[in-house]
Each structure stands twice: as C-alpha cells, then as structure tokens.
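Asker: So I've got this file, model_32.tsv, and it contains TSV, C-alpha atoms:
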```
chain	number	residue	atom	x	y	z
A	1	MET	CA	-34.18	-68.62	3.68
A	2	PRO	CA	-32.65	-67.51	0.37
A	3	LYS	CA	-29.98	-64.80	0.40
A	4	ARG	CA	-31.21	-61.34	-0.72
A	5	ASN	CA	-29.70	-59.80	-3.82
A	6	ARG	CA	-27.11	-57.12	-3.12
A	7	VAL	CA	-28.31	-53.63	-3.79
A	8	PHE	CA	-24.86	-52.63	-5.05
A	9	THR	CA	-23.60	-55.42	-7.22
A	10	GLY	CA	-20.06	-56.64	-6.98
A	11	GLY	CA	-19.57	-55.12	-3.52
A	12	ASN	CA	-19.02	-51.71	-5.11
A	13	THR	CA	-19.08	-49.03	-2.43
A	14	THR	CA	-17.69	-46.25	-4.58
A	15	MET	CA	-21.09	-44.67	-5.06
A	16	LEU	CA	-21.68	-44.51	-1.31
A	17	GLU	CA	-18.22	-43.09	-0.69
A	18	SER	CA	-18.93	-40.38	-3.27
A	19	LEU	CA	-21.85	-39.33	-1.05
A	20	GLY	CA	-19.43	-38.74	1.82
A	21	LEU	CA	-19.36	-42.09	3.61
A	22	SER	CA	-16.09	-43.61	4.68
A	23	GLY	CA	-15.12	-46.92	3.08
A	24	ALA	CA	-15.89	-48.88	6.27
A	25	ALA	CA	-19.29	-47.21	6.76
A	26	ALA	CA	-20.21	-47.82	3.12
A	27	ALA	CA	-19.26	-51.49	3.42
A	28	VAL	CA	-21.23	-51.90	6.68
A	29	TYR	CA	-24.32	-50.27	5.15
A	30	GLN	CA	-24.16	-52.46	2.06
A	31	ALA	CA	-23.67	-55.59	4.20
A	32	MET	CA	-26.65	-54.68	6.40
A	33	LEU	CA	-28.82	-54.32	3.30
A	34	ASP	CA	-27.60	-57.74	2.11
A	35	ARG	CA	-27.99	-59.47	5.50
A	36	PRO	CA	-30.76	-57.90	7.56
A	37	GLY	CA	-30.46	-58.81	11.21
A	38	ALA	CA	-26.72	-59.46	11.12
A	39	GLY	CA	-25.06	-58.41	14.36
A	40	VAL	CA	-21.76	-56.65	14.88
A	41	ALA	CA	-19.79	-59.89	15.11
A	42	ALA	CA	-21.29	-61.25	11.90
A	43	LEU	CA	-20.69	-58.00	10.06
A	44	ALA	CA	-17.10	-57.88	11.26
A	45	THR	CA	-16.46	-61.44	10.12
A	46	ASN	CA	-18.15	-60.93	6.77
A	47	LEU	CA	-16.30	-57.68	6.04
A	48	SER	CA	-12.93	-58.65	7.60
A	49	LEU	CA	-13.21	-55.69	9.96
A	50	THR	CA	-12.73	-55.41	13.70
A	51	ALA	CA	-15.73	-54.96	15.97
A	52	GLY	CA	-14.47	-51.43	16.71
A	53	GLN	CA	-14.44	-50.58	13.02
A	54	VAL	CA	-17.99	-51.86	12.62
A	55	HIS	CA	-19.15	-49.82	15.62
A	56	ALA	CA	-17.49	-46.70	14.14
A	57	GLY	CA	-19.21	-47.36	10.83
A	58	LEU	CA	-22.57	-47.75	12.55
A	59	GLU	CA	-22.07	-44.43	14.41
A	60	GLU	CA	-21.30	-42.72	11.12
A	61	LEU	CA	-24.38	-44.26	9.48
A	62	ALA	CA	-26.57	-43.31	12.45
A	63	ALA	CA	-25.41	-39.68	12.21
A	64	LEU	CA	-26.52	-39.73	8.57
A	65	LEU	CA	-29.83	-41.43	9.49
A	66	LEU	CA	-28.97	-44.46	7.33
A	67	VAL	CA	-29.49	-46.94	10.20
A	68	ARG	CA	-32.10	-47.11	12.94
A	69	ALA	CA	-32.84	-49.30	15.96
A	70	SER	CA	-34.31	-52.62	14.92
A	71	SER	CA	-37.79	-53.48	16.20
A	72	GLN	CA	-37.38	-57.12	15.27
A	73	HIS	CA	-33.93	-57.57	16.82
A	74	PRO	CA	-33.72	-55.54	20.05
A	75	GLY	CA	-30.25	-54.07	20.67
A	76	GLN	CA	-29.34	-54.19	16.98
A	77	MET	CA	-29.55	-51.70	14.15
A	78	ARG	CA	-31.29	-52.05	10.82
A	79	ALA	CA	-30.39	-50.34	7.56
A	80	VAL	CA	-32.79	-47.73	6.23
A	81	SER	CA	-33.70	-48.50	2.62
A	82	PRO	CA	-31.73	-46.53	0.00
A	83	GLU	CA	-34.97	-45.10	-1.39
A	84	VAL	CA	-35.52	-43.31	1.92
A	85	GLY	CA	-32.10	-42.95	3.56
A	86	LEU	CA	-30.04	-41.97	0.53
A	87	ALA	CA	-32.78	-39.68	-0.74
A	88	ASP	CA	-32.73	-37.81	2.58
A	89	MET	CA	-28.94	-37.73	2.49
A	90	LEU	CA	-28.96	-36.26	-1.02
A	91	ALA	CA	-31.53	-33.67	0.01
A	92	HIS	CA	-29.31	-32.68	2.94
A	93	GLN	CA	-26.28	-32.35	0.67
A	94	GLU	CA	-28.29	-30.33	-1.82
A	95	ALA	CA	-29.30	-27.97	0.99
A	96	GLU	CA	-25.66	-27.63	2.03
A	97	LEU	CA	-24.70	-26.96	-1.59
A	98	ALA	CA	-27.40	-24.29	-1.87
A	99	ALA	CA	-26.10	-22.66	1.31
A	100	ARG	CA	-22.56	-22.78	-0.05
A	101	GLN	CA	-23.69	-21.22	-3.33
A	102	ALA	CA	-25.43	-18.47	-1.38
A	103	GLN	CA	-22.21	-17.90	0.57
A	104	LEU	CA	-20.21	-17.72	-2.66
A	105	ALA	CA	-22.72	-15.26	-4.09
A	106	ALA	CA	-22.36	-13.09	-0.97
A	107	SER	CA	-18.57	-13.32	-1.24
A	108	ARG	CA	-18.76	-12.28	-4.88
A	109	VAL	CA	-20.83	-9.25	-3.92
A	110	ALA	CA	-18.28	-8.35	-1.23
A	111	VAL	CA	-15.39	-8.66	-3.71
A	112	ASN	CA	-17.23	-6.53	-6.27
A	113	GLN	CA	-17.87	-3.91	-3.60
A	114	LEU	CA	-14.19	-3.91	-2.66
A	115	VAL	CA	-13.23	-3.40	-6.30
A	116	ALA	CA	-15.81	-0.61	-6.59
A	117	ASP	CA	-14.48	1.07	-3.45
A	118	ARG	CA	-10.96	0.98	-4.85
A	119	ALA	CA	-12.22	2.32	-8.16
A	120	GLU	CA	-13.72	5.29	-6.32
A	121	SER	CA	-10.24	6.12	-5.04
A	122	ARG	CA	-9.08	6.34	-8.64
A	123	THR	CA	-10.18	9.71	-9.96
A	124	SER	CA	-9.79	10.94	-13.50
A	125	HIS	CA	-6.61	12.64	-12.29
A	126	GLY	CA	-4.96	9.78	-10.42
A	127	GLU	CA	-5.01	7.25	-7.61
A	128	ARG	CA	-5.11	8.19	-3.94
A	129	LEU	CA	-2.46	6.51	-1.78
A	130	LEU	CA	-3.28	6.79	1.92
A	131	GLY	CA	-0.53	6.56	4.53
A	132	MET	CA	3.24	6.32	4.36
A	133	ASP	CA	3.31	2.56	3.78
A	134	ALA	CA	1.24	2.94	0.61
A	135	ILE	CA	3.38	5.85	-0.56
A	136	GLN	CA	6.65	4.04	0.12
A	137	ALA	CA	5.42	0.92	-1.66
A	138	ARG	CA	4.47	2.95	-4.73
A	139	LEU	CA	7.79	4.80	-4.72
A	140	GLU	CA	9.60	1.46	-4.71
A	141	GLU	CA	7.47	0.28	-7.65
A	142	LEU	CA	8.16	3.49	-9.58
A	143	ALA	CA	11.89	3.25	-8.90
A	144	ARG	CA	12.00	-0.34	-10.15
A	145	GLY	CA	9.97	0.54	-13.24
A	146	ALA	CA	11.84	3.73	-14.16
A	147	ARG	CA	13.40	3.66	-17.64
A	148	ALA	CA	15.22	6.97	-17.93
A	149	GLU	CA	14.70	9.61	-15.25
A	150	CYS	CA	13.49	10.26	-11.70
A	151	LEU	CA	12.92	13.84	-10.53
A	152	GLY	CA	12.25	14.79	-6.92
A	153	VAL	CA	11.43	17.93	-4.93
A	154	HIS	CA	12.03	17.63	-1.18
A	155	PRO	CA	11.15	20.85	0.71
A	156	GLY	CA	11.92	21.48	4.36
A	157	THR	CA	14.72	20.26	6.55
A	158	ARG	CA	12.92	17.66	8.68
A	159	HIS	CA	13.83	14.67	6.56
A	160	ARG	CA	13.80	11.67	8.89
A	161	PRO	CA	16.91	9.46	8.67
A	162	GLU	CA	14.74	6.33	8.24
A	163	ASP	CA	12.88	7.93	5.30
A	164	LEU	CA	16.17	8.89	3.66
A	165	ALA	CA	17.47	5.35	4.19
A	166	ALA	CA	14.35	3.93	2.53
A	167	ALA	CA	14.78	6.33	-0.40
A	168	GLN	CA	18.43	5.36	-0.68
A	169	GLY	CA	17.49	1.71	-0.95
A	170	ALA	CA	14.96	2.45	-3.70
A	171	ASN	CA	17.39	4.71	-5.58
A	172	ALA	CA	20.33	2.29	-5.47
A	173	GLY	CA	18.87	-0.07	-8.06
A	174	ALA	CA	17.77	2.77	-10.34
A	175	LEU	CA	21.20	4.45	-10.24
A	176	ALA	CA	22.87	1.11	-10.95
A	177	ARG	CA	20.72	0.79	-14.09
A	178	GLY	CA	21.82	4.20	-15.30
A	179	ILE	CA	18.62	6.03	-14.40
A	180	VAL	CA	19.13	9.81	-14.12
A	181	ILE	CA	18.12	11.02	-10.65
A	182	ARG	CA	17.73	14.74	-10.00
A	183	SER	CA	16.75	15.90	-6.50
A	184	LEU	CA	15.93	19.42	-5.42
A	185	TYR	CA	16.32	20.51	-1.78
A	186	GLN	CA	16.20	23.81	0.06
A	187	ASP	CA	19.40	25.69	0.88
A	188	ALA	CA	18.70	25.14	4.57
A	189	VAL	CA	19.52	21.41	4.32
A	190	ARG	CA	23.16	22.32	3.76
A	191	ASN	CA	23.28	22.67	7.56
A	192	VAL	CA	21.58	19.31	8.29
A	193	PRO	CA	24.30	16.61	8.55
A	194	HIS	CA	22.20	13.48	7.89
A	195	THR	CA	20.49	15.06	4.86
A	196	VAL	CA	23.83	16.21	3.50
A	197	ALA	CA	25.20	12.68	4.01
A	198	HIS	CA	22.29	11.22	2.02
A	199	ALA	CA	22.71	13.81	-0.73
A	200	SER	CA	26.43	13.08	-0.88
A	201	TRP	CA	25.65	9.37	-1.31
A	202	VAL	CA	23.38	10.21	-4.24
A	203	LEU	CA	26.09	12.38	-5.79
A	204	ASP	CA	28.72	9.67	-5.32
A	205	HIS	CA	26.50	7.20	-7.18
A	206	GLY	CA	25.88	9.43	-10.16
A	207	GLY	CA	22.80	11.39	-9.10
A	208	GLU	CA	22.39	15.17	-9.19
A	209	ILE	CA	21.45	17.39	-6.23
A	210	ARG	CA	20.64	21.09	-6.28
A	211	THR	CA	19.34	23.51	-3.66
A	212	ALA	CA	17.42	26.80	-3.71
A	213	PRO	CA	16.07	29.11	-1.01
A	214	VAL	CA	12.45	28.29	-1.88
A	215	ILE	CA	11.29	25.30	-3.90
A	216	PRO	CA	7.87	23.87	-4.94
A	217	GLN	CA	5.91	21.44	-2.80
A	218	ARG	CA	7.00	17.82	-2.42
A	219	LEU	CA	6.95	16.06	-5.78
A	220	VAL	CA	8.26	12.93	-7.52
A	221	ILE	CA	8.19	12.52	-11.31
A	222	VAL	CA	9.20	9.34	-13.14
A	223	ASP	CA	10.07	9.29	-16.84
A	224	ARG	CA	8.04	12.50	-17.23
A	225	ALA	CA	4.98	10.23	-17.51
A	226	GLN	CA	3.75	9.79	-13.92
A	227	ALA	CA	4.07	11.72	-10.70
A	228	LEU	CA	3.32	11.62	-6.98
A	229	VAL	CA	2.07	14.78	-5.25
A	230	PRO	CA	0.86	15.14	-1.64
A	231	ILE	CA	-2.86	15.10	-0.94
A	232	ASP	CA	-2.23	17.63	1.84
A	233	PRO	CA	0.97	19.70	1.35
A	234	ALA	CA	0.78	20.70	5.02
A	235	ASP	CA	1.08	17.05	6.10
A	236	THR	CA	2.62	14.93	3.37
A	237	ARG	CA	2.45	11.79	5.52
A	238	LYS	CA	-1.34	11.64	5.12
A	239	GLY	CA	-1.18	10.41	1.56
A	240	ALA	CA	-0.35	11.15	-2.04
A	241	LEU	CA	-1.98	11.31	-5.44
A	242	HIS	CA	-0.45	9.16	-8.18
A	243	VAL	CA	-0.90	11.21	-11.34
A	244	THR	CA	-0.67	9.84	-14.89
A	245	GLU	CA	-2.79	12.34	-16.86
A	246	PRO	CA	-0.40	13.86	-19.46
A	247	GLY	CA	-1.57	17.45	-19.01
A	248	LEU	CA	-1.02	17.43	-15.25
A	249	VAL	CA	2.28	15.58	-15.45
A	250	GLY	CA	3.48	17.99	-18.16
A	251	ALA	CA	2.68	21.01	-15.97
A	252	LEU	CA	4.51	19.44	-13.01
A	253	CYS	CA	7.55	18.77	-15.23
A	254	GLU	CA	7.63	22.44	-16.30
A	255	LEU	CA	7.43	23.50	-12.65
A	256	PHE	CA	10.35	21.24	-11.77
A	257	ASP	CA	12.45	22.43	-14.72
A	258	LEU	CA	11.95	26.10	-13.76
A	259	ALA	CA	12.95	25.42	-10.14
A	260	TRP	CA	15.91	23.28	-11.22
A	261	ALA	CA	17.24	25.96	-13.56
A	262	THR	CA	17.50	28.52	-10.76
A	263	ALA	CA	18.93	26.13	-8.15
A	264	VAL	CA	22.62	25.64	-7.33
A	265	PRO	CA	24.39	22.25	-7.31
A	266	LEU	CA	25.08	20.92	-3.84
A	267	GLY	CA	28.77	21.39	-3.11
A	268	ALA	CA	28.94	24.67	-5.00
A	269	THR	CA	29.21	27.80	-2.87
A	270	ARG	CA	26.29	30.19	-3.19
A	271	THR	CA	27.75	33.61	-4.07
A	272	GLN	CA	26.18	36.80	-2.88
A	273	ASP	CA	24.58	39.21	-5.31
A	274	THR	CA	27.46	41.52	-6.33
A	275	THR	CA	25.05	44.46	-6.54
A	276	THR	CA	23.16	44.07	-3.29
A	277	GLY	CA	25.44	41.81	-1.26
A	278	LEU	CA	22.41	39.63	-0.48
A	279	SER	CA	22.42	35.88	-0.54
A	280	GLY	CA	19.60	34.08	-2.30
A	281	THR	CA	18.01	33.20	1.03
A	282	GLU	CA	18.21	36.80	2.26
A	283	ARG	CA	16.65	38.17	-0.92
A	284	GLU	CA	13.85	35.59	-0.76
A	285	LEU	CA	13.26	36.40	2.92
A	286	LEU	CA	12.84	40.09	2.12
A	287	ARG	CA	10.37	39.21	-0.64
A	288	LEU	CA	8.34	36.92	1.62
A	289	LEU	CA	8.19	39.36	4.52
A	290	GLY	CA	7.41	42.19	2.12
A	291	SER	CA	4.42	40.23	0.86
A	292	GLY	CA	2.99	40.22	4.38
A	293	LEU	CA	4.03	36.78	5.65
A	294	THR	CA	4.89	36.32	9.32
A	295	ASP	CA	8.34	35.22	10.48
A	296	ASP	CA	7.03	31.70	11.14
A	297	THR	CA	5.41	31.35	7.72
A	298	ALA	CA	8.41	32.82	5.93
A	299	GLY	CA	10.69	30.49	7.86
A	300	GLN	CA	8.55	27.51	6.84
A	301	ARG	CA	8.77	28.51	3.20
A	302	LEU	CA	12.55	28.80	3.49
A	303	GLY	CA	12.94	25.70	5.61
A	304	VAL	CA	14.54	27.61	8.49
A	305	SER	CA	13.54	28.43	12.06
A	306	SER	CA	12.10	31.72	13.31
A	307	ARG	CA	15.41	32.28	15.11
A	308	THR	CA	17.25	32.06	11.79
A	309	VAL	CA	14.76	34.49	10.26
A	310	ASN	CA	15.50	36.96	13.06
A	311	ARG	CA	19.26	36.50	12.61
A	312	LEU	CA	19.06	37.08	8.85
A	313	MET	CA	16.87	40.17	9.28
A	314	ALA	CA	19.24	41.58	11.90
A	315	SER	CA	22.11	41.23	9.43
A	316	ILE	CA	20.10	42.90	6.66
A	317	MET	CA	19.03	45.77	8.96
A	318	GLU	CA	22.66	46.32	9.97
A	319	ARG	CA	23.76	46.59	6.34
A	320	LEU	CA	20.90	48.97	5.59
A	321	ASP	CA	21.61	50.98	8.77
A	322	ALA	CA	17.94	50.59	9.68
A	323	SER	CA	16.61	50.74	13.24
A	324	SER	CA	13.40	48.86	12.48
A	325	ARG	CA	12.07	46.37	9.99
A	326	PHE	CA	9.73	49.01	8.61
A	327	GLU	CA	12.68	51.30	7.91
A	328	ALA	CA	14.61	48.35	6.47
A	329	GLY	CA	11.73	47.63	4.12
A	330	ILE	CA	11.67	51.22	2.85
A	331	LYS	CA	15.43	51.33	2.33
A	332	ALA	CA	15.47	47.88	0.64
A	333	ALA	CA	12.76	49.05	-1.78
A	334	ARG	CA	14.68	52.25	-2.56
A	335	ARG	CA	17.78	50.17	-3.33
A	336	ASP	CA	15.73	47.85	-5.52
A	337	TRP	CA	16.44	44.89	-3.25
A	338	LEU	CA	12.80	43.73	-3.39
```
Give the structure from this file in structure tokens form.

Answerer:
Amino acid sequence: MPKRNRVFTGGNTTMLESLGLSGAAAAVYQAMLDRPGAGVAALATNLSLTAGQVHAGLEELAALLLVRASSQHPGQMRAVSPEVGLADMLAHQEAELAARQAQLAASRVAVNQLVADRAESRTSHGERLLGMDAIQARLEELARGARAECLGVHPGTRHRPEDLAAAQGANAGALARGIVIRSLYQDAVRNVPHTVAHASWVLDHGGEIRTAPVIPQRLVIVDRAQALVPIDPADTRKGALHVTEPGLVGALCELFDLAWATAVPLGATRTQDTTTGLSGTERELLRLLGSGLTDDTAGQRLGVSSRTVNRLMASIMERLDASSRFEAGIKAARRDWL
C-alpha cells in the first residue's frame, strides 16, 4: 500500500504548535495523519519519542478532540481530519478570544468608572483627600515639590508626637533646600514639652515659629499657589481639601499673613499690656466670654482646658476686685479692656 502524502510537508509542526499544541503532541498528530493505524510503539519509533511521551501527546490530542477511538483498530486511536478537528479547535479558540475581549471590555468600563469616581472627588475648588494617610502622603509630595515657601497654621495643643515626627521628616528636606518654613501655633503650646521640642528643632534648622492666643483653623500653604484645609475643622483627621484655585489660595494667604503679623516668635516672652496689665490670652479670653461663648468653647478656641479658663478668670476678677464674672465684665468694659 503506497504511503500517504504528509498533510504538513517537511515535518513542519510549527503551525500546530501555534494553535496551542505541544511539540510532541503536534508531531504525534502529524504522524497519525501520515500513518493511519500506527500504534504507540510505531509512533514512538518513527518520532524518536518514548512510549510515555506518545501517550502524553495522545492525551493532549484527545482533550482537544483531535483523536478518537479507532473503529478499525480496536484499542488504538485515529486522528480526526484537520478539516474537522482543527476547525473545531479554531472555533473553540475564537470563542475563548471573544470571551477574553468581553472581559477586557468590562475591565475597561470598570477603569473608566474608577477614573470618573475620582474625578467626582475633584471639585472646581480642589481635590478631597480622605483619611490621614492620604493627607500625609500629599503633605510629603508638597514638601518635596516646594520651591520657595511653606506656611502652616496648627491650632490646639493635642499635637501627637508621631504626627510631629512625620512632619519633621517632611520638613527636613525642604529646610535643607533653603525653603522658608513659617509655622503658627497657639500660645498654649508653650507649655507642651513635645510640641516645644518639635518647634525648637524647626527653629534650629532655619524655620520660623510664632504663637498667638487665637489662630485660624488648620492650614498649609505651599509657594502661595496651593493649600490644604480641613474638610471638617472639628475633626481634621477626617480629610482635607487640596486647593489650587488662585482666588481661594490668595484669600488663605491674606488670612495667614494677618495672623502671622500679630503673633509673637517662639522664644520671645509675651509682655503684658502696659495699660491693662492683661496678657494676650487674658484679653482674648475676656473677648470670647463677652461674646457669649461658654468656658469649654472659649478654652477650645484658646487651646487651653476649662480649668485654665477658670484660673485665668479668677486672676482677672482679683485684679478687677470683682465678686462675680458679671461684675468683672462690667468693670472690664468700663476700663476699656474689651
């Protein structure tokens, strides 16, 4: 019986391998097309493969429906013609490709939605940064990108040591590059050792620190071109708004400059008013209480406790020779202390 012509001339199995077959499976398939009825031993000898390799190739071909049980030779396999077997295989791969394309399309929609969601967080006034990690990351970026000046307002006295350490790390590089750093704190921090230590570090490295009895809300301004302000001033750890709109940033810069001009450099002793004998904190306390604020609210504005408010008011009442706060208020107004 004459030998059949090879379907793939020259023993070329590259085309079959490109369809996903291994080299051994492609060779076995081609040999079975060339020599119908050849058993495992004959295929192994013809292809210089082991019987195990031929069996593995047959299992791979069976999984792809390229071989079937032979009716003519019981216990053996026959090759399915390329017109049928490879056509089915291509159809299967095309279906997989279509599914993959559908998956990519769904992924593209998801990515576009993510971008849209982030865009919604960017208002015409700035970008919302939610959580302390996002805020700290942006502060580090701003510090690295600063070209001339960093301004900061830090109200209250509850500055956590770890937050100050993080700020110190961000400021170190900026100060080394000659960036001007001006930080504004409340007078009350002069009695908080770890905040004073941080402020002293800033001063030692060329920064400027001033304090005042009452200062604006928390604020960071970089190069007078962008700023961070809290989303919720009552809880600054919730998030911040990164502002770049010139009008808003300009107004924030004016607010900082006004507060800075009336503040006193850290290290300088705050002198009492020669006319009234009041310190800046005492005068501000009288103004706040006179406006109707409670001790707690006034203390929060000054960065001091209610106990300190009571102590300061007791000292003021003693100097005014007043037996009650109401009487102290009347006498302070008569002396033009308010």

Asker: Give me the residues within 9 Å of Gln168 of chain A as a list in words, counting only C-alpha atoms and dropping any in the same chain fewer than 3 places off.

Answerer: Asp163, Leu164, Ala165, Asn171, Ala172, His198, Trp201 and Val202 of chain A

Asker: Quick check, in Å to one decimal: how far apart do atom CA of Pro161 of chain A and atom CA of Asp235 of chain A lie?

Answerer: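 That distance, rounded to one decimal, is 17.7 Å.
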
Asker: What gap, in Å, lies between atom CA of Val220 of chain A and atom CA of Glu141 of chain A?

Answerer: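 Interatomic distance here is 12.7 Å.
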
Asker: Between atom CA of Gly152 of chain A and atom CA of Asp187 of chain A, what is the distance, to one decimal in Å?

Answerer: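 Those two atoms sit 15.2 Å apart.
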
Asker: Leaving out Arg147 of chain A and any residue of its chain fewer than 5 positions from it, which residues lie within 12 Å of it when counting all atoms listed in the file, given as a PyMOL selection string?

Answerer: chain A and resi 142+173-181+222-225

Asker: Which residue, A:Ala148, A:Leu184, A:Ala322, A:Ala143, has the smallest gap to Ala166 of chain A when you use all atoms listed in the file?

Answerer: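 For Ala166 of chain A, the nearest of the candidates is A:Ala143.
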
Asker: Name the residues in contact with Ser324 of chain A at a cut-off of 10 Å, using only C-alpha atoms, excluding same-chain residues fewer than 6 positions from it; report them as a list in words.

Answerer: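 Selected residues are Met313, Ala314, Met317 and Glu318 of chain A.
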
Asker: Hey, which of A:Ser323, A:Gln93, A:Thr211, A:Gln217 ends up closest to Gly280 of chain A? Count all atoms listed in the file.

Answerer: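 Answer, going by the shortest atom-to-atom distance: A:Thr211.
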
Asker: Can you pull out the residues contacting Glu284 of chain A? Cut-off 8 Å, using all atoms listed in the file, and skip same-chain residues under 3 positions away; I want them as a list in words.

Answerer: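 Result of the neighbour search: Pro213, Val214, Gly280, Thr281, Arg287 and Leu288 of chain A.
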
Asker: Can you pull out the residues contacting segment 46-48 of chain A? Cut-off 10 Å, using only C-alpha atoms, and skip same-chain residues under 3 positions away; I want them as a PyMOL selection string.

Answerer: chain A and resi 24+27-28+31+38+40-43+51+53-54

Asker: Could you list as a PyMOL selection string every residue that has an atom within 12 Å of (-31.8, -54.1, 15.0), using the file's coordinates and counting all atoms listed in the file?

Answerer: chain A and resi 32+35-40+58+67-80

Asker: Kindly assemble as JSON lines a list of the segment 226-310 of chain A residues that lie within 6 Å of segment 128-139 of chain A, each paired with its nearest atom pair and their distance in Å to one decimal, using all atoms listed in the file, sorted first by chain and then by ascending residue number.

Answerer:
```
{"residue": "A:Arg237", "atom": "CA", "partner": "A:Met132", "partner_atom": "CA", "distance": 5.6}
{"residue": "A:Lys238", "atom": "CA", "partner": "A:Gly131", "partner_atom": "CA", "distance": 5.2}
{"residue": "A:Gly239", "atom": "CA", "partner": "A:Leu130", "partner_atom": "CA", "distance": 4.2}
{"residue": "A:Ala240", "atom": "CA", "partner": "A:Leu129", "partner_atom": "CA", "distance": 5.1}
{"residue": "A:Leu241", "atom": "CA", "partner": "A:Arg128", "partner_atom": "CA", "distance": 4.7}
```

Asker: Using only C-alpha atoms for the distances, tell me which of A:Thr50, A:Thr236, A:Thr157, A:Ser200 is nearest to Ala188 of chain A.

Answerer: A:Thr157

Asker: In terms of the shortest atom-to-atom distance over only C-alpha atoms, which of A:Gly290, A:Leu266, A:Arg158, A:Trp260 is closest to Asp204 of chain A?

Answerer: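 Closest residue, counting only C-alpha atoms: A:Leu266.
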
Asker: Take every atom of segment 311-314 of chain A listed in the file, pad by 3 Å on each side, and give me the axis-aligned box centre and edge lengths in Å, one decimal, as AutoDock Vina command-line options.

Answerer:
```
--center_x 18.1 --center_y 39.0 --center_z 10.7 --size_x 8.4 --size_y 11.1 --size_z 9.8
```

Asker: Which one is closest to Tyr185 of chain A: A:Ile209, A:Cys253, A:Ala44, A:Leu258? Count all atoms listed in the file.

Answerer: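 Of all the options, A:Ile209 lies closest to Tyr185 of chain A.
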
Asker: Please return as a CSV table (one decimal) with C-alpha atoms, keeping the file's coordinate frame every residue within 8 Å of (18.5, 49.8, 2.5), taking into account all atoms listed in the file and the file's own coordinates.

Answerer:
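Heads up, here's the output in result-v8.csv:
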```csv
chain,number,residue,atom,x,y,z
A,317,MET,CA,19.0,45.8,9.0
A,319,ARG,CA,23.8,46.6,6.3
A,320,LEU,CA,20.9,49.0,5.6
A,321,ASP,CA,21.6,51.0,8.8
A,322,ALA,CA,17.9,50.6,9.7
A,328,ALA,CA,14.6,48.4,6.5
A,329,GLY,CA,11.7,47.6,4.1
A,330,ILE,CA,11.7,51.2,2.8
A,331,LYS,CA,15.4,51.3,2.3
A,332,ALA,CA,15.5,47.9,0.6
A,333,ALA,CA,12.8,49.0,-1.8
A,334,ARG,CA,14.7,52.2,-2.6
A,335,ARG,CA,17.8,50.2,-3.3
A,337,TRP,CA,16.4,44.9,-3.2
```
